[in-house]
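Undergrad: My structure file start.txt, compact mmCIF, C-alpha atoms and all ligand atoms, is below:
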```txt
# COMPACT_ATOMS: atom_id res chain seq x y z
CA MET A 1 -31.47 9.09 -16.50
CA ASN A 2 -33.34 10.65 -19.44
CA VAL A 3 -34.50 8.79 -22.52
CA HIS A 4 -35.59 10.65 -25.68
CA VAL A 5 -36.57 9.32 -29.08
CA PHE A 6 -35.74 11.33 -32.21
CA GLY A 7 -36.99 9.60 -35.36
CA ASP A 8 -35.30 6.22 -35.36
CA VAL A 9 -32.60 7.08 -32.82
CA THR A 10 -32.86 6.80 -29.05
CA VAL A 11 -30.79 9.17 -26.95
CA VAL A 12 -30.06 8.07 -23.39
CA THR A 13 -28.54 10.58 -20.94
CA PRO A 14 -27.17 9.09 -17.71
CA SER A 15 -25.68 11.41 -15.11
CA GLY A 16 -23.25 11.58 -12.21
CA ARG A 17 -19.85 10.22 -11.25
CA ILE A 18 -19.79 6.47 -11.91
CA ASP A 19 -17.38 4.56 -9.70
CA HIS A 20 -17.12 1.24 -7.86
CA ASN A 21 -20.15 2.14 -5.73
CA SER A 22 -22.49 3.63 -8.33
CA ALA A 23 -21.76 1.35 -11.30
CA GLU A 24 -24.28 -1.23 -10.18
CA LYS A 25 -27.07 1.36 -10.22
CA LEU A 26 -26.14 2.48 -13.73
CA HIS A 27 -26.17 -1.16 -14.77
CA GLU A 28 -29.68 -1.69 -13.39
CA MET A 29 -30.99 1.45 -15.09
CA LEU A 30 -29.21 1.31 -18.43
CA LEU A 31 -29.44 -2.32 -19.49
CA PRO A 32 -33.28 -2.60 -19.55
CA VAL A 33 -33.47 0.65 -21.54
CA ILE A 34 -30.98 -0.69 -24.09
CA ARG A 35 -32.95 -3.91 -24.39
CA THR A 36 -36.32 -2.25 -25.08
CA GLN A 37 -34.96 0.57 -27.24
CA ILE A 38 -32.79 -1.63 -29.47
CA GLY A 39 -35.85 -3.81 -30.05
CA GLU A 40 -37.62 -0.84 -31.65
CA ARG A 41 -34.78 1.25 -33.07
CA ARG A 42 -31.36 0.18 -34.23
CA VAL A 43 -29.11 2.67 -32.49
CA VAL A 44 -28.82 4.10 -28.99
CA VAL A 45 -26.78 7.28 -28.56
CA LEU A 46 -25.33 7.51 -25.06
CA ASP A 47 -25.18 11.20 -24.28
CA MET A 48 -22.29 11.51 -21.79
CA ALA A 49 -22.54 15.26 -21.20
CA ASP A 50 -23.57 14.77 -17.56
CA ILE A 51 -20.91 12.16 -16.70
CA PRO A 52 -17.77 13.84 -15.31
CA TYR A 53 -15.97 10.58 -14.50
CA MET A 54 -16.19 6.83 -14.86
CA SER A 55 -13.97 4.23 -13.22
CA SER A 56 -13.28 0.78 -14.67
CA ALA A 57 -16.52 -0.47 -13.10
CA GLY A 58 -18.51 2.20 -14.98
CA LEU A 59 -16.75 1.49 -18.26
CA ARG A 60 -17.64 -2.16 -17.88
CA VAL A 61 -21.34 -1.21 -17.85
CA LEU A 62 -20.86 0.56 -21.21
CA MET A 63 -19.24 -2.60 -22.57
CA LEU A 64 -22.20 -4.68 -21.39
CA ALA A 65 -24.65 -2.22 -22.95
CA SER A 66 -22.81 -2.46 -26.25
CA ARG A 67 -22.78 -6.24 -26.09
CA GLU A 68 -26.50 -6.31 -25.34
CA ALA A 69 -27.23 -4.06 -28.33
CA LYS A 70 -25.09 -6.16 -30.67
CA LYS A 71 -26.92 -9.30 -29.60
CA GLU A 72 -30.10 -7.71 -30.94
CA GLY A 73 -28.42 -6.52 -34.13
CA GLY A 74 -28.10 -2.91 -32.97
CA ARG A 75 -25.35 -0.73 -31.57
CA VAL A 76 -24.50 1.83 -28.92
CA VAL A 77 -22.52 4.94 -29.80
CA ILE A 78 -21.05 7.56 -27.47
CA ALA A 79 -21.57 11.31 -27.69
CA ALA A 80 -20.47 14.47 -25.89
CA LEU A 81 -17.67 13.12 -23.71
CA GLN A 82 -16.36 15.66 -21.20
CA SER A 83 -12.60 16.24 -21.37
CA ASP A 84 -11.63 13.87 -18.51
CA MET A 85 -13.90 11.21 -19.97
CA GLN A 86 -12.33 11.75 -23.38
CA GLU A 87 -8.96 10.95 -21.81
CA ILE A 88 -10.33 7.95 -19.95
CA PHE A 89 -11.71 6.59 -23.22
CA GLU A 90 -8.27 6.88 -24.80
CA ILE A 91 -6.40 5.42 -21.81
CA SER A 92 -8.78 2.44 -21.51
CA ARG A 93 -8.80 1.99 -25.34
CA PHE A 94 -12.60 2.27 -25.25
CA ASN A 95 -12.17 4.75 -28.11
CA MET A 96 -11.18 1.75 -30.22
CA VAL A 97 -14.29 -0.20 -29.30
CA PHE A 98 -16.93 2.55 -29.51
CA ASP A 99 -17.81 5.09 -32.16
CA THR A 100 -17.63 8.46 -30.42
CA PHE A 101 -19.06 11.81 -31.54
CA ASP A 102 -18.46 15.37 -30.30
CA SER A 103 -22.15 15.96 -29.70
CA VAL A 104 -25.52 14.25 -29.84
CA ARG A 105 -26.29 16.28 -32.93
CA THR A 106 -23.25 15.04 -34.88
CA ALA A 107 -24.00 11.49 -33.74
CA ILE A 108 -27.56 11.64 -35.09
CA ALA A 109 -26.43 13.41 -38.27
CA SER A 110 -24.00 10.58 -38.93
CA ILE A 111 -26.23 7.67 -38.01
CA SER A 112 -29.60 8.78 -39.31
CA PRO A 113 -29.75 12.12 -41.14
CA ASN A 114 -33.50 11.65 -41.49
CA SER A 115 -33.89 11.81 -37.73
CA LEU A 116 -32.05 15.12 -37.47
CA ALA A 117 -35.20 17.18 -38.11
CA ALA A 118 -36.90 15.53 -35.14
CA PHE A 119 -33.87 16.34 -32.99
CA GLU A 120 -33.66 19.98 -34.17
CA SER A 121 -37.36 20.57 -33.46
CA GLY A 122 -36.76 19.23 -29.95
CA MET B 123 11.92 -4.15 3.22
CA LYS B 124 13.10 -4.01 -0.34
CA VAL B 125 11.73 -5.38 -3.61
CA ARG B 126 14.03 -6.39 -6.43
CA PHE B 127 12.62 -7.30 -9.84
CA TRP B 128 14.49 -9.95 -11.83
CA GLY B 129 11.75 -10.64 -14.37
CA THR B 130 8.67 -8.56 -15.14
CA ARG B 131 7.35 -9.82 -18.48
CA GLY B 132 4.17 -11.88 -18.84
CA SER B 133 3.71 -15.20 -20.59
CA LEU B 134 6.93 -15.43 -22.59
CA PRO B 135 10.45 -13.97 -22.34
CA VAL B 136 11.17 -11.43 -25.05
CA SER B 137 14.23 -9.78 -26.48
CA GLY B 138 14.02 -6.52 -28.39
CA GLY B 139 15.56 -7.99 -31.51
CA ASP B 140 17.03 -6.18 -34.47
CA ARG B 141 14.07 -3.86 -35.11
CA GLN B 142 14.22 -2.52 -31.56
CA ILE B 143 17.98 -2.10 -31.71
CA ARG B 144 17.66 -0.14 -34.95
CA LYS B 145 14.87 2.02 -33.53
CA ARG B 146 16.99 2.83 -30.47
CA LEU B 147 20.06 3.59 -32.54
CA LYS B 148 18.07 5.99 -34.68
CA GLU B 149 16.59 7.79 -31.68
CA THR B 150 19.97 8.00 -29.97
CA LEU B 151 21.71 9.36 -33.05
CA LYS B 152 18.96 11.92 -33.52
CA ILE B 153 19.37 13.18 -29.96
CA ALA B 154 23.18 13.03 -30.12
CA SER B 155 23.34 14.83 -33.43
CA GLY B 156 25.93 17.65 -33.39
CA LYS B 157 27.20 16.76 -29.91
CA HIS B 158 30.85 16.10 -29.15
CA PHE B 159 31.91 13.80 -26.32
CA VAL B 160 35.32 14.43 -24.75
CA ASP B 161 35.56 11.08 -22.99
CA GLU B 162 33.73 7.90 -21.95
CA GLN B 163 32.32 9.63 -18.87
CA ALA B 164 30.71 12.30 -21.04
CA ILE B 165 29.00 9.54 -23.01
CA GLU B 166 27.74 7.89 -19.81
CA THR B 167 26.39 11.21 -18.58
CA PHE B 168 24.71 11.86 -21.92
CA ILE B 169 23.04 8.43 -21.80
CA ASP B 170 21.80 8.93 -18.24
CA GLU B 171 20.65 12.52 -18.61
CA GLN B 172 19.60 12.96 -22.22
CA LEU B 173 18.13 9.68 -23.41
CA PRO B 174 14.55 8.76 -22.47
CA PHE B 175 14.06 5.63 -20.33
CA PRO B 176 12.74 3.36 -23.15
CA VAL B 177 15.85 4.16 -25.22
CA ARG B 178 18.52 4.09 -22.49
CA HIS B 179 17.22 1.19 -20.42
CA GLY B 180 13.85 -0.33 -21.30
CA TYR B 181 11.73 -2.73 -19.31
CA GLY B 182 13.60 -5.99 -19.95
CA GLY B 183 12.24 -9.27 -21.17
CA ASN B 184 12.52 -11.91 -18.44
CA THR B 185 9.39 -13.54 -17.04
CA SER B 186 8.12 -13.26 -13.47
CA CYS B 187 10.70 -13.39 -10.72
CA VAL B 188 10.57 -10.93 -7.82
CA GLU B 189 12.69 -10.92 -4.69
CA ILE B 190 11.15 -9.56 -1.48
CA ILE B 191 14.05 -8.73 0.82
CA GLY B 192 13.51 -8.37 4.56
CA ASP B 193 15.30 -5.98 6.91
CA ASP B 194 17.66 -8.76 8.06
CA GLY B 195 18.77 -9.45 4.47
CA ARG B 196 16.91 -12.73 4.14
CA SER B 197 14.55 -12.87 1.19
CA VAL B 198 11.64 -14.66 -0.42
CA ILE B 199 11.65 -15.20 -4.17
CA CYS B 200 8.25 -14.91 -5.83
CA ASP B 201 8.06 -17.27 -8.82
CA MET B 202 10.73 -18.91 -10.95
CA GLY B 203 10.35 -17.17 -14.30
CA SER B 204 13.31 -16.72 -16.62
CA GLY B 205 14.57 -13.86 -14.41
CA LEU B 206 15.59 -16.49 -11.84
CA ARG B 207 18.67 -17.43 -13.88
CA GLU B 208 20.22 -14.01 -13.33
CA LEU B 209 19.24 -13.99 -9.67
CA GLY B 210 21.13 -17.28 -9.19
CA GLN B 211 24.20 -15.96 -11.01
CA ALA B 212 24.15 -12.75 -8.96
CA VAL B 213 23.97 -14.61 -5.62
CA LEU B 214 26.84 -16.92 -6.61
CA ALA B 215 28.94 -13.98 -7.79
CA HIS B 216 28.30 -12.10 -4.54
CA HIS B 217 28.63 -14.91 -1.97
CA GLY B 218 30.76 -17.44 -3.85
CA ALA B 219 29.63 -20.87 -5.07
CA GLY B 220 31.40 -22.59 -2.17
CA ASN B 221 29.22 -21.02 0.52
CA SER B 222 25.95 -22.91 0.87
CA ARG B 223 22.81 -20.84 1.32
CA GLU B 224 19.08 -21.15 1.93
CA TYR B 225 16.51 -20.08 -0.62
CA ASP B 226 12.76 -19.62 -0.02
CA PHE B 227 10.36 -19.46 -2.95
CA VAL B 228 6.63 -18.73 -2.98
CA MET B 229 4.74 -19.76 -6.08
CA SER B 230 1.79 -17.86 -7.57
CA HIS B 231 1.10 -20.89 -9.78
CA VAL B 232 2.96 -23.23 -12.09
CA HIS B 233 2.21 -21.85 -15.54
CA TRP B 234 5.26 -22.17 -17.71
CA ASP B 235 6.34 -18.53 -17.52
CA HIS B 236 6.49 -18.81 -13.70
CA ILE B 237 8.66 -21.96 -13.47
CA MET B 238 10.86 -21.92 -16.60
CA GLY B 239 13.83 -20.35 -14.80
CA PHE B 240 14.34 -23.18 -12.32
CA PRO B 241 16.33 -25.56 -14.60
CA PHE B 242 18.75 -22.64 -15.08
CA PHE B 243 19.02 -21.76 -11.39
CA THR B 244 22.64 -22.79 -10.75
CA PRO B 245 22.37 -22.90 -6.90
CA ALA B 246 19.98 -25.88 -7.30
CA TYR B 247 22.90 -27.90 -8.74
CA ILE B 248 25.24 -27.21 -5.83
CA PRO B 249 25.37 -29.63 -2.86
CA GLY B 250 24.77 -28.00 0.50
CA ASN B 251 22.27 -25.42 -0.74
CA ARG B 252 18.77 -25.73 0.75
CA ILE B 253 15.79 -24.75 -1.36
CA ARG B 254 12.31 -24.50 0.14
CA VAL B 255 9.41 -24.08 -2.27
CA HIS B 256 6.20 -22.77 -0.69
CA GLY B 257 2.87 -22.65 -2.49
CA CYS B 258 -0.84 -23.29 -2.23
CA HIS B 259 -1.11 -25.70 -5.17
CA ASP B 260 -0.64 -29.41 -4.60
CA ILE B 261 1.08 -29.82 -7.97
CA VAL B 262 4.13 -27.56 -7.58
CA GLU B 263 6.58 -30.44 -7.17
CA THR B 264 5.02 -32.40 -10.04
CA ALA B 265 5.22 -29.40 -12.35
CA LEU B 266 8.91 -28.78 -11.55
CA ARG B 267 9.75 -32.46 -12.00
CA ARG B 268 7.87 -32.65 -15.30
CA GLN B 269 9.49 -29.62 -16.90
CA GLN B 270 12.90 -30.96 -15.91
CA SER B 271 12.73 -34.45 -17.43
CA GLU B 272 13.20 -36.17 -20.80
CA PRO B 273 12.49 -35.22 -23.53
CA CYS B 274 12.15 -31.54 -22.49
CA PHE B 275 15.37 -31.05 -20.53
CA PRO B 276 18.64 -33.01 -20.45
CA VAL B 277 19.24 -32.91 -16.66
CA ASP B 278 16.53 -34.66 -14.69
CA PHE B 279 15.14 -32.95 -11.58
CA SER B 280 16.31 -35.94 -9.49
CA GLN B 281 19.92 -35.16 -10.41
CA LEU B 282 19.85 -31.74 -8.70
CA SER B 283 22.37 -31.88 -5.86
CA SER B 284 20.86 -29.28 -3.54
CA GLU B 285 18.34 -30.22 -0.87
CA ILE B 286 14.89 -29.28 -2.22
CA SER B 287 11.71 -29.44 -0.12
CA PHE B 288 8.08 -28.46 -0.77
CA HIS B 289 5.77 -26.75 1.71
CA ARG B 290 2.03 -26.34 1.30
CA LEU B 291 0.44 -23.01 2.24
CA GLN B 292 -3.28 -22.37 2.75
CA PRO B 293 -5.10 -19.27 1.48
CA GLY B 294 -6.12 -17.06 4.40
CA GLU B 295 -3.58 -18.65 6.75
CA PRO B 296 -0.49 -16.54 7.46
CA ALA B 297 2.90 -18.29 7.46
CA GLU B 298 6.34 -17.19 8.67
CA ILE B 299 8.90 -17.35 5.87
CA ALA B 300 12.40 -15.81 6.02
CA GLY B 301 11.37 -13.57 8.88
CA MET B 302 8.30 -12.21 7.11
CA THR B 303 4.61 -12.90 7.63
CA VAL B 304 3.19 -14.19 4.37
CA LEU B 305 -0.55 -14.32 3.75
CA PRO B 306 -1.85 -16.07 0.59
CA ILE B 307 -5.11 -15.34 -1.28
CA LEU B 308 -6.83 -17.34 -4.02
CA GLN B 309 -6.99 -15.47 -7.34
CA PRO B 310 -9.15 -15.98 -10.44
CA HIS B 311 -6.93 -17.55 -13.13
CA HIS B 312 -6.91 -20.75 -15.18
CA GLY B 313 -6.02 -23.53 -12.74
CA ASP B 314 -6.05 -20.92 -9.92
CA SER B 315 -3.26 -18.62 -8.87
CA PHE B 316 -2.36 -17.17 -5.49
CA GLY B 317 -1.34 -13.68 -4.42
CA TYR B 318 0.85 -13.07 -1.36
CA ARG B 319 0.90 -10.28 1.21
CA PHE B 320 4.30 -9.85 2.90
CA GLU B 321 4.55 -7.99 6.19
CA GLN B 322 7.56 -7.10 8.30
CA ASN B 323 8.24 -4.30 10.82
CA GLY B 324 5.10 -2.38 9.90
CA LYS B 325 5.74 -2.50 6.14
CA THR B 326 3.65 -4.36 3.59
CA VAL B 327 4.32 -5.56 0.05
CA VAL B 328 1.71 -7.43 -2.02
CA TYR B 329 2.64 -9.68 -4.95
CA SER B 330 -0.48 -10.31 -7.00
CA THR B 331 0.04 -11.52 -10.53
CA ASP B 332 -1.90 -13.62 -13.01
CA ALA B 333 -5.30 -12.62 -11.68
CA GLU B 334 -8.37 -11.62 -13.66
CA HIS B 335 -10.30 -9.28 -11.40
CA ARG B 336 -13.90 -9.56 -12.53
CA LEU B 337 -15.66 -6.28 -11.94
CA GLU B 338 -19.07 -7.94 -11.82
CA ASP B 339 -18.10 -9.91 -8.72
CA LYS B 340 -18.39 -7.23 -6.05
CA ARG B 341 -17.62 -9.66 -3.23
CA GLN B 342 -14.40 -10.71 -4.87
CA ILE B 343 -13.41 -7.10 -5.59
CA ASP B 344 -14.06 -6.19 -1.94
CA ALA B 345 -11.95 -9.18 -0.82
CA PHE B 346 -8.99 -7.90 -2.85
CA VAL B 347 -9.46 -4.37 -1.55
CA GLU B 348 -9.11 -5.83 1.95
CA PHE B 349 -6.11 -7.90 0.88
CA PHE B 350 -4.38 -4.78 -0.52
CA ARG B 351 -5.47 -2.59 2.43
CA ASP B 352 -2.87 0.13 3.31
CA ALA B 353 -0.07 -1.75 1.54
CA ASP B 354 3.13 0.18 0.85
CA VAL B 355 3.59 -1.53 -2.52
CA VAL B 356 1.22 -3.61 -4.65
CA ILE B 357 2.75 -5.52 -7.57
CA PHE B 358 -0.15 -6.08 -9.94
CA ASP B 359 -0.94 -7.96 -13.16
CA ALA B 360 -1.71 -5.02 -15.47
CA MET B 361 -1.18 -6.92 -18.70
CA TYR B 362 -4.04 -5.60 -20.85
CA SER B 363 -5.91 -2.42 -21.62
CA LEU B 364 -9.32 -2.37 -19.98
CA ALA B 365 -11.13 -2.63 -23.33
CA ASP B 366 -9.13 -5.73 -24.30
CA MET B 367 -9.44 -7.33 -20.89
CA ILE B 368 -13.22 -7.23 -20.79
CA SER B 369 -13.88 -7.98 -24.45
CA VAL B 370 -11.54 -9.94 -26.76
CA ARG B 371 -9.34 -11.15 -23.89
CA GLU B 372 -12.06 -11.97 -21.43
CA ASP B 373 -11.25 -15.22 -19.57
CA TRP B 374 -7.57 -15.01 -20.52
CA GLY B 375 -6.76 -14.72 -16.82
CA HIS B 376 -5.25 -11.23 -16.57
CA SER B 377 -6.17 -7.74 -15.42
CA SER B 378 -5.82 -4.19 -16.64
CA ASN B 379 -3.81 -1.13 -15.63
CA LEU B 380 -6.99 0.79 -14.73
CA ILE B 381 -8.44 -1.90 -12.47
CA GLY B 382 -5.16 -1.84 -10.55
CA VAL B 383 -5.48 1.91 -9.96
CA ASP B 384 -9.11 1.56 -8.86
CA LEU B 385 -8.38 -1.29 -6.43
CA CYS B 386 -5.35 0.49 -4.97
CA HIS B 387 -7.33 3.71 -4.48
CA LEU B 388 -10.09 1.85 -2.69
CA ALA B 389 -7.52 0.10 -0.50
CA GLY B 390 -5.44 3.19 0.38
CA VAL B 391 -2.28 1.74 -1.17
CA ARG B 392 0.80 4.00 -1.42
CA HIS B 393 2.62 2.60 -4.46
CA TYR B 394 1.06 0.71 -7.36
CA CYS B 395 3.55 -1.18 -9.52
CA MET B 396 2.37 -2.57 -12.85
CA PHE B 397 3.72 -6.01 -13.68
CA HIS B 398 3.46 -9.01 -16.08
CA HIS B 399 3.85 -6.88 -19.20
CA GLU B 400 2.33 -8.05 -22.46
CA PRO B 401 5.14 -9.66 -24.53
CA ALA B 402 3.85 -8.00 -27.71
CA TYR B 403 4.49 -4.52 -26.23
CA ASP B 404 7.78 -2.81 -26.99
CA ASP B 405 9.47 -0.49 -24.48
CA ALA B 406 7.88 2.62 -25.95
CA THR B 407 4.42 1.10 -25.58
CA ILE B 408 4.95 0.06 -21.95
CA HIS B 409 6.26 3.56 -21.26
CA ARG B 410 3.22 5.17 -22.87
CA VAL B 411 0.90 2.93 -20.83
CA LEU B 412 2.75 4.10 -17.71
CA SER B 413 2.23 7.79 -18.45
CA GLU B 414 -1.42 7.17 -19.31
CA THR B 415 -1.93 5.24 -16.08
CA ILE B 416 -0.34 8.07 -14.08
CA ARG B 417 -2.82 10.42 -15.75
CA TYR B 418 -5.77 8.13 -14.98
CA GLU B 419 -4.68 8.07 -11.32
CA GLU B 420 -4.76 11.90 -11.25
CA ILE B 421 -8.21 12.03 -12.81
CA SER B 422 -9.67 9.40 -10.51
CA ARG B 423 -8.00 10.43 -7.23
CA GLU B 424 -10.90 12.62 -6.08
CA GLY B 425 -9.20 14.30 -3.13
CA GLY B 426 -7.83 11.06 -1.71
CA GLN B 427 -4.14 10.48 -1.01
CA PRO B 428 -2.04 10.35 -4.18
CA LEU B 429 -1.07 6.91 -5.35
CA LYS B 430 2.43 6.52 -6.79
CA VAL B 431 2.25 4.63 -10.09
CA SER B 432 5.21 2.84 -11.61
CA SER B 433 5.86 0.09 -14.11
CA ALA B 434 8.21 -2.71 -13.08
CA TYR B 435 11.31 -3.37 -15.13
CA ASP B 436 14.03 -6.01 -14.88
CA GLY B 437 16.56 -4.61 -12.43
CA LEU B 438 14.20 -2.24 -10.61
CA ILE B 439 14.72 -1.99 -6.84
CA ILE B 440 12.02 -0.44 -4.67
CA GLU B 441 12.95 0.62 -1.13
CA VAL B 442 9.87 0.18 1.04
ZN ZN A 501 2.06 -15.47 -16.13
ZN ZN A 502 -0.70 -17.84 -15.57
```
Show this structure as structure tokens.
Ligand SMILES: [Zn+2]
Ligand SMILES: [Zn+2]
TA:
Amino acid sequence: MNVHVFGDVTVVTPSGRIDHNSAEKLHEMLLPVIRTQIGERRVVVLDMADIPYMSSAGLRVLMLASREAKKEGGRVVIAALQSDMQEIFEISRFNMVFDTFDSVRTAIASISPNSLAAFESG
Amino acid sequence: MKVRFWGTRGSLPVSGGDRQIRKRLKETLKIASGKHFVDEQAIETFIDEQLPFPVRHGYGGNTSCVEIIGDDGRSVICDMGSGLRELGQAVLAHHGAGNSREYDFVMSHVHWDHIMGFPFFTPAYIPGNRIRVHGCHDIVETALRRQQSEPCFPVDFSQLSSEISFHRLQPGEPAEIAGMTVLPILQPHHGDSFGYRFEQNGKTVVYSTDAEHRLEDKRQIDAFVEFFRDADVVIFDAMYSLADMISVREDWGHSSNLIGVDLCHLAGVRHYCMFHHEPAYDDATIHRVLSETIRYEEISREGGQPLKVSSAYDGLIIEV
């Protein structure tokens, strides 16, 4: 799982198929990152480009991450959902709970235009 | 085996009401526009072949009552929701009120929507009928007596003329009821609920409603996967969307359509039947949830055996 900071936005990129068996690992990796990053910056962008599929157990981890961020006064947004994941977000109604963006770039542009330069320069 | 659904709604019986009737009339007239029907049969055919399921039939509004029918014709009735009234009427119409019969019930729990049909179950008023109520709770009899007493109901439970007995089951201990092996399991729900696995002649049906499957409890999830293992049909509490279930409706005691698919995939189930529909959903919404759930099953199958997905409706019969 990669973590990058662009200005005042943190971008977290988990990867792989997240099902009943791998959700626990995502939970152990993602939650501490959310905790430390939200402490320093307000928003975490979850870059989903490398997640082809998530079962209910995986989606639950996203819900926990969002809850954790809200507790600290921050938020988690979702970017770059693959097409199956886009459908899963609609079917599970997660699209009504999370702000979703087509790409990491559009997410950053919407949340913190000032941080866009840092993202563009890599 | 056979499964017959007499009530499939969660929490409270519903009727479509005038807005639904109007909506259906509009849709029907739109589809029928310009058509000419030569006779009654042509109309029947049009209804069956041209109108979509939510318009022509719908899911019904009675609360939980499901009949599991064995190969010898004897059956077990799961729960006494408002659907039980029609079951009683149908049995009397078929066999005649003068012929006494035996009835076996198994109870998931005694929340109102699962017992409210009993005061309207006519066979309970007829001498000679024998009614056996099986369940894991110790308060089944108390609950039935309480709901059928002053000031809530005019005919006291003690005035019922049939012979009614209560039989305690234990989770994890199989029992023989109406020629079927019935295995109960404890489920997470307010005041506890119990699911039941019915087996006969190599076929398996699971009735598992009013259960909040908590994804964080891996041991519990694994226990249900074992309980559902290789079942031919699993009837499952799919009341909420996943987002609702694990956020605003957390601790409300119910599960989601997606968790049902995931559990059934893990368990190698053949047919997943969604049940205990949210009373606020209209027929179109339940139908949309069904097509979405079928799609989720396709996405998540990952080379495994396909899982048939359906949504229970009042009147549905599944041949197992
Ligand atoms: Zn219920
Ligand atoms: Zn209940």
Undergrad: Using only C-alpha atoms for the distances, tell me which of A:Val33, A:Ala65, A:Ile18, A:Met1 is nearest to Tyr53 in chain A.
TA: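 Nearest to Tyr53 in chain A: A:Ile18.
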Undergrad: Using all atoms listed in the file, determine which residues lie at most 7 Å from range 202-208 of chain B, disregarding the query and same-chain residues fewer than 6 positions distant; provide the list as number ranges by chain.
TA: B: 128-129, 135, 184-187, 235-240, 242-243
Undergrad: Could you list, as a list in words, the residues of chain B having an atom within 7 Å of chain A when counting only C-alpha atoms?
TA: Leu337, Ser363, Leu364, Ala365, Leu380, Ile381, Glu414, Tyr418 and Ile421 of chain B
Undergrad: Those residues you just picked out, can you put them in a file as a PDB file, in the coordinates of the input with C-alpha atoms?
TA:
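So the final result, stored in result_5.pdb, reads:
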```
ATOM      1  CA  LEU B 337     -15.660  -6.280 -11.940  1.00  0.00           C
ATOM      2  CA  SER B 363      -5.910  -2.420 -21.620  1.00  0.00           C
ATOM      3  CA  LEU B 364      -9.320  -2.370 -19.980  1.00  0.00           C
ATOM      4  CA  ALA B 365     -11.130  -2.630 -23.330  1.00  0.00           C
ATOM      5  CA  LEU B 380      -6.990   0.790 -14.730  1.00  0.00           C
ATOM      6  CA  ILE B 381      -8.440  -1.900 -12.470  1.00  0.00           C
ATOM      7  CA  GLU B 414      -1.420   7.170 -19.310  1.00  0.00           C
ATOM      8  CA  TYR B 418      -5.770   8.130 -14.980  1.00  0.00           C
ATOM      9  CA  ILE B 421      -8.210  12.030 -12.810  1.00  0.00           C
TER      10      ILE B 421
END
```
Undergrad: Please write as a tab-separated table (two decimals) with C-alpha atoms, keeping the file's coordinate frame the list of polymer residues whose atoms come within 12 Å of (-3.5, -2.9, -19.3), counting all atoms listed in the file and keeping to the coordinates of the file.
TA:
```tsv
chain	number	residue	atom	x	y	z
A	56	SER	CA	-13.28	0.78	-14.67
A	91	ILE	CA	-6.40	5.42	-21.81
A	92	SER	CA	-8.78	2.44	-21.51
A	93	ARG	CA	-8.80	1.99	-25.34
B	132	GLY	CA	4.17	-11.88	-18.84
B	334	GLU	CA	-8.37	-11.62	-13.66
B	358	PHE	CA	-0.15	-6.08	-9.94
B	359	ASP	CA	-0.94	-7.96	-13.16
B	360	ALA	CA	-1.71	-5.02	-15.47
B	361	MET	CA	-1.18	-6.92	-18.70
B	362	TYR	CA	-4.04	-5.60	-20.85
B	363	SER	CA	-5.91	-2.42	-21.62
B	364	LEU	CA	-9.32	-2.37	-19.98
B	365	ALA	CA	-11.13	-2.63	-23.33
B	366	ASP	CA	-9.13	-5.73	-24.30
B	367	MET	CA	-9.44	-7.33	-20.89
B	368	ILE	CA	-13.22	-7.23	-20.79
B	371	ARG	CA	-9.34	-11.15	-23.89
B	376	HIS	CA	-5.25	-11.23	-16.57
B	377	SER	CA	-6.17	-7.74	-15.42
B	378	SER	CA	-5.82	-4.19	-16.64
B	379	ASN	CA	-3.81	-1.13	-15.63
B	380	LEU	CA	-6.99	0.79	-14.73
B	381	ILE	CA	-8.44	-1.90	-12.47
B	382	GLY	CA	-5.16	-1.84	-10.55
B	383	VAL	CA	-5.48	1.91	-9.96
B	396	MET	CA	2.37	-2.57	-12.85
B	397	PHE	CA	3.72	-6.01	-13.68
B	398	HIS	CA	3.46	-9.01	-16.08
B	399	HIS	CA	3.85	-6.88	-19.20
B	400	GLU	CA	2.33	-8.05	-22.46
B	403	TYR	CA	4.49	-4.52	-26.23
B	407	THR	CA	4.42	1.10	-25.58
B	408	ILE	CA	4.95	0.06	-21.95
B	409	HIS	CA	6.26	3.56	-21.26
B	410	ARG	CA	3.22	5.17	-22.87
B	411	VAL	CA	0.90	2.93	-20.83
B	412	LEU	CA	2.75	4.10	-17.71
B	414	GLU	CA	-1.42	7.17	-19.31
B	415	THR	CA	-1.93	5.24	-16.08
B	433	SER	CA	5.86	0.09	-14.11
```
Undergrad: Enumerate residues in contact with ligand ZN 502 (chain A): an atom-to-atom distance of at most 10 Å, counting all atoms listed in the file. Format the result as number ranges by chain.
TA: B: 132-133, 230-236, 311-315, 331-333, 374-376, 398
Undergrad: Set the distance at 9 Å and use all atoms listed in the file: which residues neighbour Gln172 in chain B once local chain neighbours fewer than 4 positions away are removed? I'd like the list as a list in words.
TA: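 Surrounding residues, per the criterion: Ile153, Ala154, Thr167, Phe168 and Arg178 of chain B.
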Undergrad: Take CA of Ile51 in chain A and CA of Gly16 in chain A and report the distance between them in Å, one decimal.
TA: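 Separation between CA of Ile51 in chain A and CA of Gly16 in chain A: 5.1 Å.
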Undergrad: Skipping near chain neighbours, those fewer than 5 positions away, what residues fall within 10 Å of Ile439 in chain B using all atoms listed in the file, listed as a compact mmCIF listing (two decimals) with C-alpha atoms, in the frame of the given file?
TA:
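Everything below was put into out_16.txt:
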```txt
# COMPACT_ATOMS: atom_id res chain seq x y z
CA LYS B 124 13.10 -4.01 -0.34
CA VAL B 125 11.73 -5.38 -3.61
CA ARG B 126 14.03 -6.39 -6.43
CA PHE B 127 12.62 -7.30 -9.84
CA TRP B 128 14.49 -9.95 -11.83
CA VAL B 188 10.57 -10.93 -7.82
CA GLU B 189 12.69 -10.92 -4.69
CA ILE B 190 11.15 -9.56 -1.48
CA ALA B 434 8.21 -2.71 -13.08
```
